[in-house]
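Novice: Quick one: the structure is below, and I'll ask about it shortly.
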Amino acid sequence: EDGPHWAATQIDFLVKLFPLVKPGGYYIIEDISQKTRGAKVFHEQPKESLPPAALEILEGNDALWIDASSGHRAWDEWARIAHNHVQDRTHHNSYCLVIKKRDRPLKPMQINFGAGAMDPGSIIKEDITEQEVDNFQKASSE
């Protein structure tokens, strides 16, 4: 999505366009900004800020928040040129949200915490049968 960089518009586009993404496909919102409230609604406080349809998309699929300024080769020059959009390494307009549309059903949430989280033996493999995938894909296309 490379529409207007205002949070409200990014939300509207997400809700209207995400249904067109095929299972397993990606929807990317780029240039999410602190200044236009995008970072707040998509990353910091989604449950309090997003409308139910947008929140359902984020929680029902695989979403990844990216700070695209990490490792920027010309950070100082970019910050100088884009001074209206760049305050510092935390407050800028170069965040992205990548959402992969699930092609398999979500499994129950499992959280590793404490000492067990550092134990390689505690890694959980998500086993899903082909029938579950077929049923999910059929339901998603209806």
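Chain lettering (A, B, ...) mirrors the order of the structure tokens, residue numbering begins at 1 for each chain separately, and ligand numbering begins at 1 in order of display.
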Where does region 50-137 of chain A meet region 38-43 of chain A within 12 Å, residue by residue, with the nearest atom pair and distance in Å to one decimal for each, counting only C-alpha atoms, listed by chain and rising number, as a tab-separated table?
Specialist:
```
residue	atom	partner	partner_atom	distance
A:Leu50	CA	A:Val41	CA	6.0
A:Pro51	CA	A:Val41	CA	9.7
A:Ala54	CA	A:Phe42	CA	9.3
A:Leu55	CA	A:Phe42	CA	8.8
A:Ile57	CA	A:Phe42	CA	11.3
A:Leu58	CA	A:Phe42	CA	8.7
A:Glu59	CA	A:Phe42	CA	11.3
A:Ala63	CA	A:Phe42	CA	10.2
A:Leu64	CA	A:His43	CA	9.7
A:Trp65	CA	A:His43	CA	7.2
A:Ile66	CA	A:His43	CA	10.0
A:Asp67	CA	A:Ala39	CA	10.5
A:Thr90	CA	A:Ala39	CA	10.1
A:His91	CA	A:Ala39	CA	9.0
A:His92	CA	A:Ala39	CA	9.3
A:Asn93	CA	A:Ala39	CA	8.8
A:Ser94	CA	A:Ala39	CA	10.0
A:Tyr95	CA	A:Ala39	CA	7.6
A:Cys96	CA	A:Ala39	CA	9.3
A:Leu97	CA	A:Phe42	CA	7.9
A:Val98	CA	A:Phe42	CA	11.0
A:Ile99	CA	A:Phe42	CA	11.5
```
Novice: Determine, counting only C-alpha atoms, which protein, DNA and RNA residues have an atom within 10 Å of an atom of Arg37 (chain A); residues of the same chain fewer than 5 positions away are not included. Present the result as a list in words.
Specialist: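 Answer for this query is His5, Trp6, Ala7, Ala8, Ile32, Phe42, His43, Glu44 and Ser49 of chain A.
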Novice: Please list as JSON, numbers by chain every residue within 12 Å of Asp2 (chain A), counting only C-alpha atoms and excluding residues in the same chain fewer than 5 positions away.
Specialist: {"A": [9, 10, 13, 14, 17, 27, 28, 29, 30, 31, 32, 96, 97]}
Novice: According to DSSP computed on the backbone, where in chain A is there helix (DSSP H, G or I)? Give the residues as a PyMOL selection string.
Specialist: chain A and resi 7-20+38-44+46-49+52-60+75-81+114-118+120-122+130-141
Novice: How would the residues just chosen look if you wrote them out with C-alpha atoms as a JSON list (two decimals), in the first residue's frame?
Specialist:
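Wrote selection-v4.json, looks like this:
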```
[["chain", "number", "residue", "atom", "x", "y", "z"],
["A", 7, "ALA", "CA", -3.07, 6.56, 9.87],
["A", 8, "ALA", "CA", -6.80, 6.87, 9.14],
["A", 9, "THR", "CA", -6.23, 6.35, 5.41],
["A", 10, "GLN", "CA", -3.81, 3.46, 5.99],
["A", 11, "ILE", "CA", -6.47, 1.78, 8.15],
["A", 12, "ASP", "CA", -9.19, 2.34, 5.52],
["A", 13, "PHE", "CA", -6.97, 0.92, 2.76],
["A", 14, "LEU", "CA", -6.09, -2.10, 4.92],
["A", 15, "VAL", "CA", -9.72, -2.95, 5.64],
["A", 16, "LYS", "CA", -10.77, -2.49, 2.00],
["A", 17, "LEU", "CA", -7.79, -4.10, 0.26],
["A", 18, "PHE", "CA", -6.76, -6.95, 2.58],
["A", 19, "PRO", "CA", -9.68, -9.17, 1.50],
["A", 20, "LEU", "CA", -8.15, -9.12, -2.01],
["A", 38, "GLY", "CA", 0.45, 5.47, 12.54],
["A", 39, "ALA", "CA", 2.98, 4.06, 14.99],
["A", 40, "LYS", "CA", 0.49, 4.51, 17.82],
["A", 41, "VAL", "CA", -2.45, 2.82, 16.12],
["A", 42, "PHE", "CA", -0.60, -0.04, 14.43],
["A", 43, "HIS", "CA", 2.13, -0.77, 16.98],
["A", 44, "GLU", "CA", 1.87, 0.93, 20.36],
["A", 46, "PRO", "CA", -3.67, -1.28, 18.42],
["A", 47, "LYS", "CA", -6.39, -2.65, 20.73],
["A", 48, "GLU", "CA", -7.30, 0.87, 21.86],
["A", 49, "SER", "CA", -6.84, 2.59, 18.49],
["A", 52, "PRO", "CA", -12.52, -3.98, 15.01],
["A", 53, "ALA", "CA", -12.12, -4.95, 11.34],
["A", 54, "ALA", "CA", -8.49, -3.77, 11.23],
["A", 55, "LEU", "CA", -7.65, -5.33, 14.60],
["A", 56, "GLU", "CA", -9.12, -8.63, 13.40],
["A", 57, "ILE", "CA", -6.81, -8.53, 10.37],
["A", 58, "LEU", "CA", -3.74, -7.98, 12.56],
["A", 59, "GLU", "CA", -4.63, -10.57, 15.18],
["A", 60, "GLY", "CA", -5.88, -13.20, 12.73],
["A", 75, "TRP", "CA", 20.83, 8.45, 8.21],
["A", 76, "ASP", "CA", 22.22, 11.93, 8.93],
["A", 77, "GLU", "CA", 21.55, 13.13, 5.38],
["A", 78, "TRP", "CA", 18.06, 11.62, 5.35],
["A", 79, "ALA", "CA", 17.22, 13.16, 8.73],
["A", 80, "ARG", "CA", 18.42, 16.55, 7.47],
["A", 81, "ILE", "CA", 16.46, 16.39, 4.22],
["A", 114, "GLY", "CA", 11.17, -17.65, 32.21],
["A", 115, "ALA", "CA", 13.89, -20.30, 32.18],
["A", 116, "GLY", "CA", 11.93, -22.53, 29.80],
["A", 117, "ALA", "CA", 12.00, -19.81, 27.14],
["A", 118, "MET", "CA", 15.76, -20.27, 26.82],
["A", 120, "PRO", "CA", 15.79, -25.28, 22.91],
["A", 121, "GLY", "CA", 13.82, -28.35, 24.01],
["A", 122, "SER", "CA", 10.81, -26.14, 24.71],
["A", 130, "GLU", "CA", -3.40, -31.17, 5.24],
["A", 131, "GLN", "CA", -7.13, -31.53, 5.94],
["A", 132, "GLU", "CA", -6.99, -28.55, 8.33],
["A", 133, "VAL", "CA", -5.23, -26.50, 5.65],
["A", 134, "ASP", "CA", -7.76, -27.52, 2.99],
["A", 135, "ASN", "CA", -10.71, -26.68, 5.27],
["A", 136, "PHE", "CA", -9.19, -23.33, 6.20],
["A", 137, "GLN", "CA", -8.45, -22.38, 2.58],
["A", 138, "LYS", "CA", -11.95, -23.39, 1.51],
["A", 139, "ALA", "CA", -13.52, -21.27, 4.29],
["A", 140, "SER", "CA", -11.22, -18.33, 3.45],
["A", 141, "SER", "CA", -12.24, -18.29, -0.20]]
```
Novice: Check the smallest atom-to-atom distance from each of A:Pro108, A:Gly3, A:Ala82, A:Asp103 to Gly25 (chain A) using only C-alpha atoms, then report the winner.
Specialist: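 The shortest atom-to-atom distance to Gly25 (chain A) comes from A:Asp103.
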Novice: One number please: CA of Glu1 (chain A) to CA of Tyr26 (chain A), in Å, one decimal.
Specialist: 10.5 Å
Novice: Choose the residue, out of A:Asn84, A:Ser69, A:Gly24, A:Arg102, that has the smallest atom-to-atom separation from Thr36 (chain A); count only C-alpha atoms.
Specialist: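 The closest residue to Thr36 (chain A) is A:Asn84.
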Novice: What does the distance between CA of Asp62 (chain A) and CA of Lys101 (chain A) come to in Å, to one decimal place?
Specialist: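 Going from CA of Asp62 (chain A) over to CA of Lys101 (chain A) covers 6.7 Å.
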Novice: So which bits of chain A end up strand (DSSP E) when you DSSP the backbone, as a list in words?
Specialist: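 Of chain A, only Tyr26, Tyr27, Ile28, Ile29, Glu30, Asp31, Ile32, Asp62, Ala63, Leu64, Trp65, Ile66, Asp67, Tyr95, Cys96, Leu97, Val98, Ile99 and Lys100 of chain A fall in strand (DSSP E).
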